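Coordinates from my_file-v6.tsv are shown below (TSV, C-alpha atoms).
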chain	number	residue	atom	x	y	z
K	160	THR	CA	-4.95	-11.73	-14.60
K	161	GLY	CA	-2.88	-14.61	-15.86
K	162	VAL	CA	-0.94	-14.65	-19.13
K	163	GLN	CA	-2.43	-12.78	-22.09
K	164	THR	CA	-1.01	-13.03	-25.60
K	165	ASN	CA	-3.51	-10.78	-27.40
K	166	PHE	CA	-5.00	-7.38	-26.74
K	167	ILE	CA	-8.51	-7.76	-25.27
K	168	PRO	CA	-11.15	-5.03	-25.72
K	169	PHE	CA	-12.63	-3.57	-22.53
K	170	SER	CA	-15.13	-0.85	-21.68
K	171	PHE	CA	-16.99	0.53	-18.72
K	172	PRO	CA	-19.83	3.05	-18.69
K	173	LEU	CA	-19.56	6.54	-17.27
K	174	THR	CA	-23.05	6.99	-15.85
K	175	SER	CA	-25.04	7.98	-12.77
K	176	PHE	CA	-23.83	11.58	-12.66
K	177	THR	CA	-25.97	13.95	-10.61
K	178	THR	CA	-24.43	16.97	-12.34
K	179	VAL	CA	-22.85	17.53	-15.74
K	180	PRO	CA	-19.08	16.87	-15.41
K	181	ASP	CA	-16.43	19.16	-16.88
K	182	SER	CA	-13.36	16.91	-16.67
K	183	VAL	CA	-12.26	13.30	-16.38
K	184	VAL	CA	-9.27	11.60	-14.78
K	185	PHE	CA	-8.04	8.32	-16.24
K	186	ALA	CA	-5.44	6.25	-14.37
K	187	ALA	CA	-4.04	2.74	-14.76
K	188	ALA	CA	-1.71	0.55	-12.71
K	189	SER	CA	0.08	-2.74	-13.34
K	190	SER	CA	-1.18	-4.21	-10.05
K	191	ASN	CA	-4.09	-3.56	-7.69
K	192	ALA	CA	-3.05	-0.09	-6.56
K	193	MET	CA	-6.23	0.46	-4.52
K	194	SER	CA	-6.08	-2.54	-2.19
K	195	GLY	CA	-2.46	-3.62	-2.65
K	196	VAL	CA	-3.61	-7.26	-2.52
K	197	GLY	CA	-1.90	-9.85	-4.71
K	198	VAL	CA	0.79	-7.50	-6.03
K	199	GLN	CA	3.39	-9.54	-7.93
K	200	VAL	CA	6.86	-8.43	-9.01
K	201	GLY	CA	7.06	-8.44	-12.80
K	202	SER	CA	3.36	-7.87	-13.46
K	203	PHE	CA	2.89	-5.67	-16.51
K	204	LEU	CA	-0.02	-3.99	-18.27
K	205	GLU	CA	-0.19	-2.93	-21.92
K	206	LEU	CA	-2.81	-0.41	-23.06
K	207	ASP	CA	-3.74	0.97	-26.47
K	208	ASN	CA	-6.44	3.05	-28.13
K	209	ILE	CA	-8.12	4.44	-24.99
K	210	GLY	CA	-11.03	6.78	-25.73
K	211	PHE	CA	-14.74	7.57	-25.51
K	212	SER	CA	-17.27	5.70	-27.63
K	213	GLY	CA	-20.69	6.88	-26.43
K	214	PRO	CA	-23.35	8.11	-28.88
K	215	GLY	CA	-22.73	11.68	-30.01
K	216	VAL	CA	-19.33	11.87	-28.28
K	217	THR	CA	-16.79	13.83	-30.30
K	218	GLN	CA	-14.23	14.63	-27.59
K	219	GLN	CA	-11.24	12.32	-27.54
K	220	LEU	CA	-8.89	11.37	-24.73
K	221	ALA	CA	-5.66	13.26	-25.43
K	222	GLY	CA	-2.85	10.85	-26.25
K	223	GLY	CA	-5.15	7.84	-26.01
K	224	THR	CA	-3.63	6.22	-29.10
K	225	PHE	CA	-0.16	6.22	-27.48
K	226	GLU	CA	1.41	7.00	-30.86
K	227	ASN	CA	3.25	10.21	-29.90
K	228	TRP	CA	6.44	9.91	-27.87
K	229	SER	CA	9.44	12.06	-27.05
K	230	LEU	CA	12.94	10.73	-26.51
K	231	GLN	CA	14.10	10.91	-22.90
K	232	THR	CA	17.58	9.96	-21.72
K	233	SER	CA	17.99	8.76	-18.14
K	234	TYR	CA	21.23	8.19	-16.25
K	235	ASN	CA	21.58	5.93	-13.22
K	236	LEU	CA	24.21	6.71	-10.59
K	237	LEU	CA	25.99	3.41	-10.01
K	238	ASP	CA	26.61	2.15	-6.45
K	239	TRP	CA	24.39	4.85	-4.82
K	240	ASN	CA	20.78	4.77	-3.70
K	241	VAL	CA	18.82	7.68	-5.19
K	242	ASN	CA	15.69	9.30	-3.76
K	243	GLY	CA	13.86	12.12	-5.50
K	244	GLU	CA	14.49	11.25	-9.14
K	245	GLN	CA	13.01	14.52	-10.44
K	246	GLY	CA	15.67	16.45	-8.56
K	247	PHE	CA	18.62	14.24	-9.43
K	248	SER	CA	20.85	14.71	-12.49
K	249	ARG	CA	24.29	14.25	-13.99
K	250	VAL	CA	26.06	17.57	-14.63
K	251	SER	CA	29.24	18.46	-16.46
K	252	PRO	CA	31.95	19.37	-15.83
K	253	GLY	CA	32.69	18.09	-12.37
K	254	HIS	CA	35.47	19.34	-10.13
K	255	THR	CA	37.52	16.28	-11.05
K	256	GLY	CA	36.63	14.23	-14.10
K	257	ASN	CA	33.83	14.77	-16.58
K	258	TYR	CA	30.76	14.68	-14.33
K	259	ALA	CA	29.31	15.52	-10.94
K	260	VAL	CA	25.95	14.75	-9.31
K	261	GLN	CA	23.40	17.54	-8.76
K	262	LEU	CA	20.60	17.33	-6.19
K	263	VAL	CA	17.73	19.85	-6.33
K	264	THR	CA	15.05	20.48	-3.69
K	265	GLN	CA	11.66	20.03	-5.40
K	266	ASP	CA	8.20	21.55	-4.83
K	267	TYR	CA	5.64	18.74	-5.17
K	268	GLY	CA	2.62	21.00	-4.64
K	269	THR	CA	0.17	19.50	-2.16
K	270	GLU	CA	2.79	16.91	-1.12
K	271	GLY	CA	5.12	19.67	0.06
K	272	VAL	CA	8.75	20.56	-0.58
K	273	HIS	CA	11.23	17.69	-0.46
K	274	PRO	CA	15.03	17.51	-0.84
K	275	SER	CA	16.65	15.09	-3.26
K	276	GLN	CA	18.97	12.55	-1.70
K	277	ILE	CA	21.72	10.06	-2.47
K	278	SER	CA	22.95	7.52	0.04
K	279	LEU	CA	25.21	4.57	0.71
K	280	GLY	CA	22.76	2.46	2.67
K	281	ASN	CA	19.40	3.82	3.83
K	282	GLN	CA	17.83	5.69	6.71
K	283	SER	CA	14.68	4.35	8.42
K	284	GLN	CA	12.54	5.39	11.37
K	285	SER	CA	14.50	2.95	13.51
K	286	GLY	CA	17.89	4.24	12.32
K	287	PRO	CA	20.47	3.64	9.59
K	288	ILE	CA	20.38	0.42	7.56
K	289	GLY	CA	23.20	-0.99	5.46
K	290	GLY	CA	26.06	0.86	3.79
K	291	ILE	CA	29.50	-0.07	2.48
K	292	PRO	CA	32.26	-2.11	4.20
K	293	PHE	CA	34.47	0.16	6.31
K	294	THR	CA	36.88	-0.85	9.10
K	295	THR	CA	39.43	2.00	9.27
K	296	LEU	CA	39.74	3.29	12.86
K	297	VAL	CA	40.61	6.90	11.99
K	298	ASP	CA	39.75	8.47	8.64
K	299	THR	CA	38.40	11.60	6.98
K	300	LEU	CA	35.67	11.93	4.34
K	301	CYS	CA	36.84	14.46	1.72
K	302	GLY	CA	35.33	16.00	-1.37
K	303	HIS	CA	34.28	19.16	-3.19
K	304	TYR	CA	30.87	20.83	-3.29
K	305	LYS	CA	28.95	23.85	-4.58
K	306	TYR	CA	25.63	24.95	-3.08
K	307	SER	CA	23.05	27.47	-4.26
K	308	THR	CA	19.91	28.58	-2.42
K	309	SER	CA	17.60	31.59	-2.51
K	310	GLY	CA	17.17	31.56	1.29
K	311	SER	CA	18.87	30.28	4.42
K	312	ASP	CA	18.79	26.63	3.37
K	313	GLN	CA	21.77	24.31	3.87
K	314	ALA	CA	23.01	21.07	2.38
K	315	PHE	CA	22.96	18.03	4.70
K	316	PHE	CA	25.61	15.32	5.19
K	317	LEU	CA	24.90	12.50	7.65
K	318	TYR	CA	27.25	9.61	8.28
K	319	ASN	CA	26.92	6.62	10.60
K	320	LEU	CA	29.54	4.00	11.40
K	321	MET	CA	27.92	0.62	12.02
K	322	SER	CA	29.00	-2.47	13.95
K	323	ASN	CA	26.99	-5.66	13.34
K	324	GLY	CA	24.03	-3.54	12.25
K	325	MET	CA	24.19	-1.28	15.32
K	326	ASN	CA	25.13	2.39	15.27
K	327	ALA	CA	28.75	2.83	16.41
K	328	GLY	CA	29.02	6.59	15.92
K	329	GLY	CA	28.15	9.32	13.48
K	330	ASP	CA	27.67	13.00	12.90
K	331	ILE	CA	25.74	15.57	10.87
K	332	HIS	CA	27.40	18.33	8.84
K	333	ASN	CA	25.62	21.22	7.11
K	334	PHE	CA	27.08	23.19	4.21
K	335	GLY	CA	26.01	26.72	3.33
K	336	PRO	CA	26.02	28.46	-0.05
K	337	VAL	CA	29.24	28.67	-2.09
K	338	SER	CA	29.37	29.51	-5.79
K	339	ASN	CA	32.67	27.77	-6.61
K	340	TRP	CA	33.88	24.25	-5.97
K	341	THR	CA	34.91	24.17	-2.30
K	342	TYR	CA	36.98	21.48	-0.59
K	343	PHE	CA	35.62	19.90	2.60
K	344	GLU	CA	36.79	17.39	5.19
K	345	ILE	CA	34.58	15.44	7.62
K	346	PRO	CA	36.42	13.49	10.36
K	347	LEU	CA	34.95	10.02	10.96
K	348	ASN	CA	34.84	9.53	14.73
K	349	PRO	CA	33.40	6.21	15.95
K	350	MET	CA	32.04	5.75	19.47
K	351	MET	CA	33.47	2.22	19.40
K	352	THR	CA	36.81	0.92	18.16
K	353	LEU	CA	35.12	-1.85	16.16
K	354	HIS	CA	32.93	-1.04	13.18
K	355	ASP	CA	32.35	-2.73	9.85
K	356	THR	CA	30.11	-0.43	7.78
K	357	LEU	CA	29.84	3.19	6.66
K	358	ASN	CA	26.34	4.58	6.06
K	359	LEU	CA	26.25	7.98	4.31
K	360	THR	CA	23.34	10.25	3.37
K	361	ILE	CA	23.67	13.47	1.34
K	362	GLN	CA	20.73	15.75	0.55
Translate this file's structure into structure tokens.
Amino acid sequence: TGVQTNFIPFSFPLTSFTTVPDSVVFAAASSNAMSGVGVQVGSFLELDNIGFSGPGVTQQLAGGTFENWSLQTSYNLLDWNVNGEQGFSRVSPGHTGNYAVQLVTQDYGTEGVHPSQISLGNQSQSGPIGGIPFTTLVDTLCGHYKYSTSGSDQAFFLYNLMSNGMNAGGDIHNFGPVSNWTYFEIPLNPMMTLHDTLNLTIQ
């Protein structure tokens, strides 16, 4: 803890095994990931030269020197909230302009299958939160989409119109598979005449 200016050696013994192990898992975190106590924004951890040093040990921890890296380019979608980063990418060409956004449903193994999602605002267990300023009484959300699936899956559009943080109307629209860019229109129909925010979720 505190401020460190130099690398400090550390070690801990791997002992007290009742059977001979065949594998090892090494993990590190920049804050106390086990208890979650004292977690501070901006905490950072630097590691180097991780390996085994016991007598007679010849096996090394793969990548423990942290010398081998591959270049990875990452794009951030401005103005949108993004969930499911592994299934989110910039694709080209778009219907209009150079790029479009692609969302892919991912299989996370034991954690299950999860859709990727972009949103203006967020969705919580208690309902929609935040969004973008929107006061037009009658309007239509328009765009173009393509959708591919190997089964009966559908894309999901959810919008909510908000008034002072309270839901003032909304609707859900599902889109089935189409191989070419397809135009869509979604009427925005508020339950109340006064609203100040549009909350939108696409997955």
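Each of K:Thr269, K:Asn358, K:Asn348, K:Asn339 was checked against Gly286 (chain K) using only C-alpha atoms; the smallest atom-to-atom distance is that of K:Asn358.
Our summary of the geometry notes that CA of Val263 (chain K) is positioned 9.8 Å from CA of Thr308 (chain K).
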- Residues within 8 Å of region 246-248 of chain K, all atoms listed in the file, excluding chain neighbours under 4 positions, as a ChimeraX atom specification: /K:234,241,260-265,274-276
Hey, could you pull the box centre and edge lengths for region 297-313 of chain K, axis-aligned, 5 Å padding per side, all listed atoms, to one decimal in Å, as lines of an AutoDock Vina configuration file?
center_x = 28.9
center_y = 19.2
center_z = 3.7
size_x = 33.4
size_y = 34.7
size_z = 26.6
- Message: Quick one: residues within 12 Å of Ser233 (chain K), only C-alpha atoms, excluding same-chain residues fewer than 3 positions away - as a PyMOL selection string?
- Response: chain K and resi 230+236+244-245+247-249
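For the choices K:Leu220, K:Val250, K:Leu320, K:Ile345, the atom-to-atom distance to Val183 (chain K) is smallest for K:Leu220 when using all atoms listed in the file.
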- Query: Which polymer residues, protein or nucleic acid, are no farther than 10 Å from (-1.7, -2.7, -20.9), counting only C-alpha atoms, as a PyMOL selection string?
  - Reply: chain K and resi 166-167+187-189+203-207
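Put simply, CA of Gln231 (chain K) is 21.8 Å away from CA of Asp266 (chain K).
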- Straight-line distance linking CA of Pro172 (chain K) with CA of Asn191 (chain K), stated in Å to one decimal: 20.3 Å
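Checking K:Thr217, K:Ser278, K:Ser202, K:Gln313 one by one against Leu237 (chain K), counting only C-alpha atoms, you find the shortest gap at K:Ser278.
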- Looking at all atoms listed in the file, which of K:Gly310, K:Gly223, K:Gly197, K:Pro346 is the one that sits closest to His332 (chain K)? K:Pro346
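The nearest approach to Phe185 (chain K) among the residues K:Leu296, K:Val200, K:Val162, K:Ala221, with only C-alpha atoms taken into account, belongs to K:Ala221.
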- Restricting to only C-alpha atoms, whichever of K:Pro252, K:Pro214, K:Gly289, K:Pro336 is closest to Leu359 (chain K) is K:Gly289
- Spatial neighbours of Ser311 (chain K), 12 Å, all atoms listed in the file, chain gap at least 4 places, as a ChimeraX atom specification: /K:306-307,333-336
- Skip Cys301 (chain K) itself and residues of its chain fewer than 6 positions away, then list as a list in words all residues within 12 Å of it, counting all atoms listed in the file. Phe316, Thr341, Tyr342, Phe343, Glu344, Ile345, Pro346 and Leu347 of chain K
- Query: Excluding same-chain residues fewer than 4 positions from Asn240 (chain K), what lies within 10 Å of it counting all atoms listed in the file, as a PyMOL selection string?
  - Reply: chain K and resi 235-236+276-281+290+360
